file target01.cif (mmCIF, C-alpha atoms)
data_start
loop_
_atom_site.label_atom_id
_atom_site.label_comp_id
_atom_site.auth_asym_id
_atom_site.auth_seq_id
_atom_site.Cartn_x
_atom_site.Cartn_y
_atom_site.Cartn_z
CA MET A 1185 0.00 0.00 0.00
CA ARG A 1186 0.97 3.64 -0.39
CA ALA A 1187 0.52 5.92 2.61
CA GLU A 1188 2.22 8.79 4.34
CA VAL A 1189 4.50 8.03 7.30
CA CYS A 1190 3.02 8.54 10.75
CA GLY A 1191 4.57 7.67 14.09
CA VAL A 1192 6.48 8.84 17.13
CA TYR A 1193 10.17 9.26 17.77
CA SER A 1194 12.20 9.25 20.95
CA ALA A 1195 15.81 8.69 21.87
CA ALA A 1196 14.92 5.15 22.94
CA GLN A 1197 12.58 4.09 20.16
CA ASP A 1198 11.84 4.86 16.55
CA SER A 1199 8.30 3.78 15.74
CA ILE A 1200 6.48 4.51 12.51
CA TRP A 1201 3.34 3.22 10.80
CA PRO A 1202 1.20 4.09 7.77
CA CYS A 1203 -1.05 7.09 8.10
CA ALA A 1204 -4.75 6.83 7.27
CA PRO A 1205 -5.47 6.97 3.50
CA GLU A 1206 -6.92 10.48 3.71
CA VAL A 1207 -3.72 11.93 5.26
CA THR A 1208 -1.51 13.70 2.70
CA TYR A 1209 1.63 15.79 3.11
CA ASP A 1210 3.18 18.47 0.92
CA HIS A 1211 6.33 17.14 -0.74
CA THR A 1212 7.18 20.14 -2.91
CA ASP A 1213 10.33 20.69 -0.84
CA ARG A 1214 11.61 17.40 -2.26
CA CYS A 1215 9.92 17.06 -5.65
CA GLY A 1216 9.24 20.66 -6.62
CA ASP A 1217 6.63 20.73 -9.39
CA ARG A 1218 6.97 16.97 -10.10
CA PRO A 1219 4.25 14.63 -8.80
CA ALA A 1220 5.19 12.85 -5.59
CA LEU A 1221 4.55 9.17 -4.91
CA ARG A 1222 3.74 8.44 -1.30
CA PRO A 1223 5.89 5.96 0.66
CA TRP A 1224 5.47 2.22 0.05
CA TRP A 1225 4.56 -0.11 2.91
CA GLU A 1226 4.61 -3.89 3.01
CA SER A 1227 2.90 -6.46 5.24
CA THR A 1228 3.54 -10.16 4.67
CA ARG A 1229 2.53 -13.54 6.07
CA PRO A 1230 4.53 -16.78 5.85
CA THR A 1231 1.59 -18.92 4.71
CA PRO A 1232 -1.95 -18.22 3.46
CA ARG A 1233 -3.36 -19.34 6.83
CA ALA A 1234 -1.02 -17.25 8.99
CA ALA A 1235 -1.72 -13.81 10.42
CA TRP A 1236 -0.44 -10.74 8.59
CA GLY A 1237 2.69 -9.16 10.02
CA SER A 1238 3.20 -5.52 10.96
CA TRP A 1239 3.66 -2.86 8.29
CA THR A 1240 7.23 -2.23 7.13
CA LEU A 1241 8.35 0.90 5.27
CA VAL A 1242 9.89 -0.33 2.01
CA ALA A 1243 10.55 2.97 0.25
CA ASP A 1244 10.23 6.62 1.24
CA VAL A 1245 8.68 9.34 -0.89
CA ARG A 1246 9.72 9.15 -4.55
CA CYS A 1247 9.32 11.77 -7.23
CA VAL A 1248 8.19 10.93 -10.74
CA GLY A 1249 11.34 10.99 -12.86
CA ASP A 1250 13.61 9.74 -10.08
CA PRO A 1251 16.14 6.99 -10.90
CA ASP A 1252 15.00 3.40 -11.55
CA PRO A 1253 13.12 1.54 -8.79
CA THR A 1254 15.18 -0.13 -6.09
CA PRO A 1255 15.27 -3.94 -5.77
CA GLU A 1256 13.12 -3.65 -2.65
CA GLU A 1257 10.48 -1.71 -4.58
CA ILE A 1258 10.61 -4.29 -7.37
CA LEU A 1259 10.02 -7.11 -4.85
CA THR A 1260 7.09 -5.26 -3.30
CA GLU A 1261 5.52 -4.79 -6.72
CA LEU A 1262 6.04 -8.48 -7.56
CA ARG A 1263 4.00 -9.42 -4.49
CA ARG A 1264 1.21 -7.07 -5.58
CA LEU A 1265 0.91 -8.62 -9.04
CA PRO A 1266 -2.12 -10.78 -9.93
CA ILE A 1267 -0.09 -13.98 -10.36
CA ALA A 1268 -2.48 -16.74 -11.38
CA PRO A 1269 -2.39 -19.54 -8.77
CA SER A 1270 -1.14 -22.90 -10.00
CA VAL A 1271 -3.91 -25.14 -11.33
CA LEU A 1272 -4.19 -28.13 -8.98
CA HIS A 1273 -5.09 -31.58 -10.31
CA LEU A 1274 -5.92 -34.66 -8.22
CA GLN A 1275 -6.11 -38.34 -9.13
CA PRO A 1276 -8.44 -40.07 -8.67
CA ASP A 1277 -10.79 -37.21 -9.52
CA ARG A 1278 -14.20 -38.76 -8.81
CA GLY A 1279 -15.25 -37.06 -5.58
CA TRP A 1280 -13.78 -39.74 -3.30
CA VAL A 1281 -10.52 -41.54 -2.55
CA LEU A 1282 -9.61 -44.64 -0.55
CA VAL A 1283 -7.77 -44.91 2.75
CA ASN A 1284 -4.21 -46.24 2.36
CA LYS A 1285 -4.26 -45.64 -1.40
CA GLU A 1286 -2.25 -42.88 -3.08
CA THR A 1287 -4.04 -39.59 -3.70
CA ILE A 1288 -1.94 -38.10 -6.50
CA ALA A 1289 -1.49 -34.36 -6.98
CA TYR A 1290 0.17 -32.32 -9.72
CA ALA A 1291 0.22 -28.73 -10.98
CA ASP A 1292 0.96 -26.74 -14.12
CA PRO A 1293 4.54 -25.39 -13.85
CA ALA A 1294 4.30 -22.90 -16.74
CA PRO A 1295 5.94 -19.50 -16.15
CA GLN A 1296 3.93 -16.28 -16.39
CA VAL A 1297 4.85 -12.91 -17.88
CA LEU A 1298 3.31 -9.82 -16.27
CA SER A 1299 3.94 -6.10 -16.76
CA THR A 1300 3.23 -3.17 -14.50
CA ASP A 1301 4.32 0.41 -13.87
CA VAL A 1302 6.67 1.16 -10.97
CA LEU A 1303 7.45 4.80 -10.26
CA GLY A 1304 6.74 5.70 -13.87
CA THR A 1305 8.92 2.89 -15.28
CA THR A 1306 7.47 -0.12 -17.12
CA VAL A 1307 8.64 -3.32 -15.44
CA THR A 1308 8.12 -6.72 -17.06
CA PHE A 1309 8.28 -9.75 -14.77
CA THR A 1310 8.75 -13.39 -15.68
CA VAL A 1311 7.61 -15.49 -12.73
CA THR A 1312 8.47 -19.18 -12.45
CA PRO A 1313 7.43 -21.76 -9.82
CA ALA A 1314 10.34 -22.43 -7.46
CA SER A 1315 8.69 -24.83 -5.01
CA PHE A 1316 5.33 -26.38 -4.16
CA THR A 1317 3.90 -27.05 -0.69
CA TRP A 1318 1.20 -29.74 -0.68
CA ASP A 1319 -1.08 -29.73 2.38
CA TYR A 1320 -3.28 -32.83 2.49
CA GLY A 1321 -4.72 -31.92 5.89
CA GLU A 1322 -3.22 -34.98 7.57
CA HIS A 1323 0.24 -34.23 6.21
CA ALA A 1324 2.09 -31.41 4.42
CA PHE A 1325 5.39 -31.40 2.52
CA THR A 1326 7.32 -29.29 0.01
CA THR A 1327 8.80 -30.29 -3.34
CA THR A 1328 10.54 -28.63 -6.25
CA SER A 1329 8.64 -30.92 -8.60
CA PRO A 1330 5.20 -29.83 -9.80
CA GLY A 1331 4.11 -33.47 -9.64
CA HIS A 1332 3.00 -35.64 -12.56
CA PRO A 1333 -0.13 -37.64 -13.39
CA TYR A 1334 -0.34 -41.43 -13.13
CA PRO A 1335 1.68 -43.54 -13.91
CA ASP A 1336 4.60 -41.07 -13.52
CA GLN A 1337 3.40 -39.60 -10.24
CA ASP A 1338 5.98 -38.28 -7.78
CA VAL A 1339 3.67 -36.31 -5.46
CA SER A 1340 1.08 -38.31 -3.51
CA TYR A 1341 -0.16 -39.18 -0.03
CA PRO A 1342 -2.15 -42.17 1.29
CA TYR A 1343 -4.81 -40.94 3.72
CA GLU A 1344 -4.80 -42.86 7.00
CA HIS A 1345 -8.32 -42.06 8.22
CA PRO A 1346 -11.76 -41.92 6.58
CA GLY A 1347 -13.61 -38.63 6.52
CA THR A 1348 -13.53 -35.52 4.34
CA GLY A 1349 -10.34 -34.42 2.59
CA GLN A 1350 -9.10 -31.32 0.84
CA VAL A 1351 -5.70 -30.47 -0.65
CA THR A 1352 -4.16 -26.98 -0.56
CA LEU A 1353 -1.27 -26.15 -2.87
CA THR A 1354 0.95 -23.17 -2.02
CA THR A 1355 3.26 -22.22 -4.89
CA THR A 1356 6.38 -20.13 -4.24
CA TRP A 1357 7.37 -18.07 -7.28
CA SER A 1358 10.79 -16.67 -8.13
CA ALA A 1359 11.10 -13.97 -10.76
CA THR A 1360 13.29 -11.96 -13.08
CA TYR A 1361 12.50 -8.56 -14.55
CA THR A 1362 13.44 -6.04 -17.20
CA LEU A 1363 13.06 -2.26 -17.08
CA ALA A 1364 11.37 -0.38 -19.93
CA ASP A 1365 13.27 -1.02 -23.18
CA ASP A 1366 16.42 -2.27 -21.47
CA PRO A 1367 16.83 -6.00 -22.36
CA THR A 1368 19.02 -6.70 -19.31
CA VAL A 1369 17.39 -9.45 -17.26
CA LEU A 1370 17.69 -8.91 -13.50
CA PRO A 1371 16.74 -11.22 -10.62
CA VAL A 1372 14.07 -10.17 -8.13
CA PRO A 1373 15.57 -10.42 -4.61
CA GLY A 1374 12.74 -12.44 -3.07
CA THR A 1375 9.70 -14.53 -3.84
CA ALA A 1376 5.90 -14.37 -4.00
CA THR A 1377 3.32 -17.04 -3.13
CA THR A 1378 -0.10 -18.10 -4.37
CA SER A 1379 -2.52 -20.67 -2.98
CA THR A 1380 -5.03 -23.09 -4.52
CA THR A 1381 -7.43 -25.36 -2.64
CA SER A 1382 -9.25 -28.34 -4.12
CA ALA A 1383 -12.93 -29.05 -3.71
CA PRO A 1384 -13.70 -31.26 -0.67
CA PHE A 1385 -13.82 -35.00 -1.31
CA GLU A 1386 -14.77 -38.09 0.67
CA ILE A 1387 -12.11 -40.41 2.09
CA ARG A 1388 -13.57 -43.90 2.13
CA GLU A 1389 -12.45 -47.07 3.81
CA ALA A 1390 -12.69 -50.14 1.57
CA ALA A 1391 -14.37 -53.23 3.05
CA ALA A 1392 -13.83 -56.82 1.89
CA HIS A 1393 -16.87 -58.98 1.12
CA LEU A 1394 -17.02 -62.73 0.44
CA THR A 1395 -18.45 -63.69 -2.93
CA ARG A 1396 -20.02 -66.93 -4.07
CA GLY A 1397 -16.72 -67.92 -5.68
CA SER A 1398 -14.97 -67.37 -2.35
CA CYS A 1399 -17.43 -69.66 -0.55
CA ASP A 1400 -16.90 -72.38 -3.13
CA GLN A 1401 -13.21 -72.26 -2.34
CA HIS A 1402 -13.69 -71.91 1.43
CA PRO A 1403 -16.97 -73.75 2.29
CA HIS A 1404 -16.22 -73.87 6.02
CA ASP A 1405 -15.73 -70.09 6.39
CA PRO A 1406 -18.29 -68.80 8.99
CA GLY A 1407 -19.29 -66.05 6.57
CA CYS A 1408 -20.58 -68.55 3.99
#
call {"tool": "encode", "arguments": {"input": "target01.cif", "output": "structure tokens"}}
result
Amino acid sequence: MRAEVCGVYSAAQDSIWPCAPEVTYDHTDRCGDRPALRPWWESTRPTPRAAWGSWTLVADVRCVGDPDPTPEEILTELRRLPIAPSVLHLQPDRGWVLVNKETIAYADPAPQVLSTDVLGTTVTFTVTPASFTWDYGEHAFTTTSPGHPYPDQDVSYPYEHPGTGQVTLTTTWSATYTLADDPTVLPVPGTATTSTTSAPFEIREAAAHLTRGSCDQHPHDPGC
């Protein structure tokens, strides 16, 4: 978010936070007649289910026409981009799975190209999946593989208990970027995350039943 800097200062503590959106300051002493861009603030959370952290000042006031954005400003903009979450696929995909049988998961690892404007400069990002965290509810783990469908699966989990299941995929994206017409490709010093959650499905426990053929082979079984 963009907001002016509010806070208190003392010899023992320097504490600042974003002002309310309606608060504006005069920055003509710094920018003159050029438009001023209010400071940039960032709040992050380690996972989609975690609480948001406190606001951190990423960049102070900038004037339109100032030098290129800093790496920190580039990272902040990356995390604001509408990166499409990875498409999550499950096998079997029939609304239910079996206890102690593999529930396979895989995602589309295709990179994405997104452009935006940062401080008056066009920035083009190429974002690529760096890792995948698969949360099956009973168990969670992280891979660098996007997984593959049967019979080449390398991401799966056998549920241990019947009930209702749901898989959440958190994708961590790394990125590179270029500025305006400069073809130099630069790394973004950080990552962004997206999250995808499957529809709920039933986890069933298979039961064995004797058939007529079984009784013919085992006539003294009490179940016959």
call {"tool": "residues_around", "arguments": {"input": "target01.cif", "residues": "region 1296-1305 of chain A", "least_positions_apart": "4", "cutoff": "8 Å", "atoms": "all atoms listed in the file", "output": "list in words"}}
result
Leu1221, Arg1246, Cys1247, Val1248, Gly1249, Asp1250, Asp1252, Pro1253, Glu1257, Ile1258, Glu1261, Leu1265, Ile1267, Phe1309, Thr1310, Val1311, Thr1312, Leu1363 and Ala1364 of chain A
call {"tool": "write_last_selection", "arguments": {"input": "target01.cif", "atoms": "C-alpha atoms", "output": "compact mmCIF listing (two decimals), in the coordinates of the input"}}
result
# COMPACT_ATOMS: atom_id res chain seq x y z
CA LEU A 1221 4.55 9.17 -4.91
CA ARG A 1246 9.72 9.15 -4.55
CA CYS A 1247 9.32 11.77 -7.23
CA VAL A 1248 8.19 10.93 -10.74
CA GLY A 1249 11.34 10.99 -12.86
CA ASP A 1250 13.61 9.74 -10.08
CA ASP A 1252 15.00 3.40 -11.55
CA PRO A 1253 13.12 1.54 -8.79
CA GLU A 1257 10.48 -1.71 -4.58
CA ILE A 1258 10.61 -4.29 -7.37
CA GLU A 1261 5.52 -4.79 -6.72
CA LEU A 1265 0.91 -8.62 -9.04
CA ILE A 1267 -0.09 -13.98 -10.36
CA PHE A 1309 8.28 -9.75 -14.77
CA THR A 1310 8.75 -13.39 -15.68
CA VAL A 1311 7.61 -15.49 -12.73
CA THR A 1312 8.47 -19.18 -12.45
CA LEU A 1363 13.06 -2.26 -17.08
CA ALA A 1364 11.37 -0.38 -19.93
call {"tool": "closest_residue", "arguments": {"input": "target01.cif", "among": "A:Arg1229, A:Arg1388, A:His1332, A:Arg1218", "to": "Gly1349 (chain A)", "atoms": "all atoms listed in the file"}}
result
A:Arg1388
call {"tool": "atom_distance", "arguments": {"input": "target01.cif", "atom1": "CA of Phe1325 (chain A)", "atom2": "CA of Thr1354 (chain A)"}}
result
10.4 Å
call {"tool": "closest_residue", "arguments": {"input": "target01.cif", "among": "A:Val1192, A:Thr1326, A:Pro1295, A:Thr1240", "to": "Thr1360 (chain A)", "atoms": "all atoms listed in the file"}}
result
A:Pro1295
call {"tool": "atom_distance", "arguments": {"input": "target01.cif", "atom1": "CA of Thr1228 (chain A)", "atom2": "CA of Val1372 (chain A)"}}
result
16.6 Å
call {"tool": "residues_around", "arguments": {"input": "target01.cif", "residues": "Thr1356 (chain A)", "least_positions_apart": "4", "cutoff": "8 Å", "atoms": "all atoms listed in the file", "output": "number ranges by chain"}}
result
A: 1313-1316, 1375-1378
call {"tool": "atom_distance", "arguments": {"input": "target01.cif", "atom1": "CA of Ala1383 (chain A)", "atom2": "CA of Tyr1343 (chain A)"}}
result
16.2 Å
call {"tool": "decode", "arguments": {"input": "target01.cif", "residues": "region 1351-1382 of chain A", "atoms": "C-alpha atoms", "output": "compact mmCIF listing (two decimals), in the first residue's frame"}}
result
# COMPACT_ATOMS: atom_id res chain seq x y z
CA VAL A 1351 -5.70 -30.47 -0.65
CA THR A 1352 -4.16 -26.98 -0.56
CA LEU A 1353 -1.27 -26.15 -2.87
CA THR A 1354 0.95 -23.17 -2.02
CA THR A 1355 3.26 -22.22 -4.89
CA THR A 1356 6.38 -20.13 -4.24
CA TRP A 1357 7.37 -18.07 -7.28
CA SER A 1358 10.79 -16.67 -8.13
CA ALA A 1359 11.10 -13.97 -10.76
CA THR A 1360 13.29 -11.96 -13.08
CA TYR A 1361 12.50 -8.56 -14.55
CA THR A 1362 13.44 -6.04 -17.20
CA LEU A 1363 13.06 -2.26 -17.08
CA ALA A 1364 11.37 -0.38 -19.93
CA ASP A 1365 13.27 -1.02 -23.18
CA ASP A 1366 16.42 -2.27 -21.47
CA PRO A 1367 16.83 -6.00 -22.36
CA THR A 1368 19.02 -6.70 -19.31
CA VAL A 1369 17.39 -9.45 -17.26
CA LEU A 1370 17.69 -8.91 -13.50
CA PRO A 1371 16.74 -11.22 -10.62
CA VAL A 1372 14.07 -10.17 -8.13
CA PRO A 1373 15.57 -10.42 -4.61
CA GLY A 1374 12.74 -12.44 -3.07
CA THR A 1375 9.70 -14.53 -3.84
CA ALA A 1376 5.90 -14.37 -4.00
CA THR A 1377 3.32 -17.04 -3.13
CA THR A 1378 -0.10 -18.10 -4.37
CA SER A 1379 -2.52 -20.67 -2.98
CA THR A 1380 -5.03 -23.09 -4.52
CA THR A 1381 -7.43 -25.36 -2.64
CA SER A 1382 -9.25 -28.34 -4.12
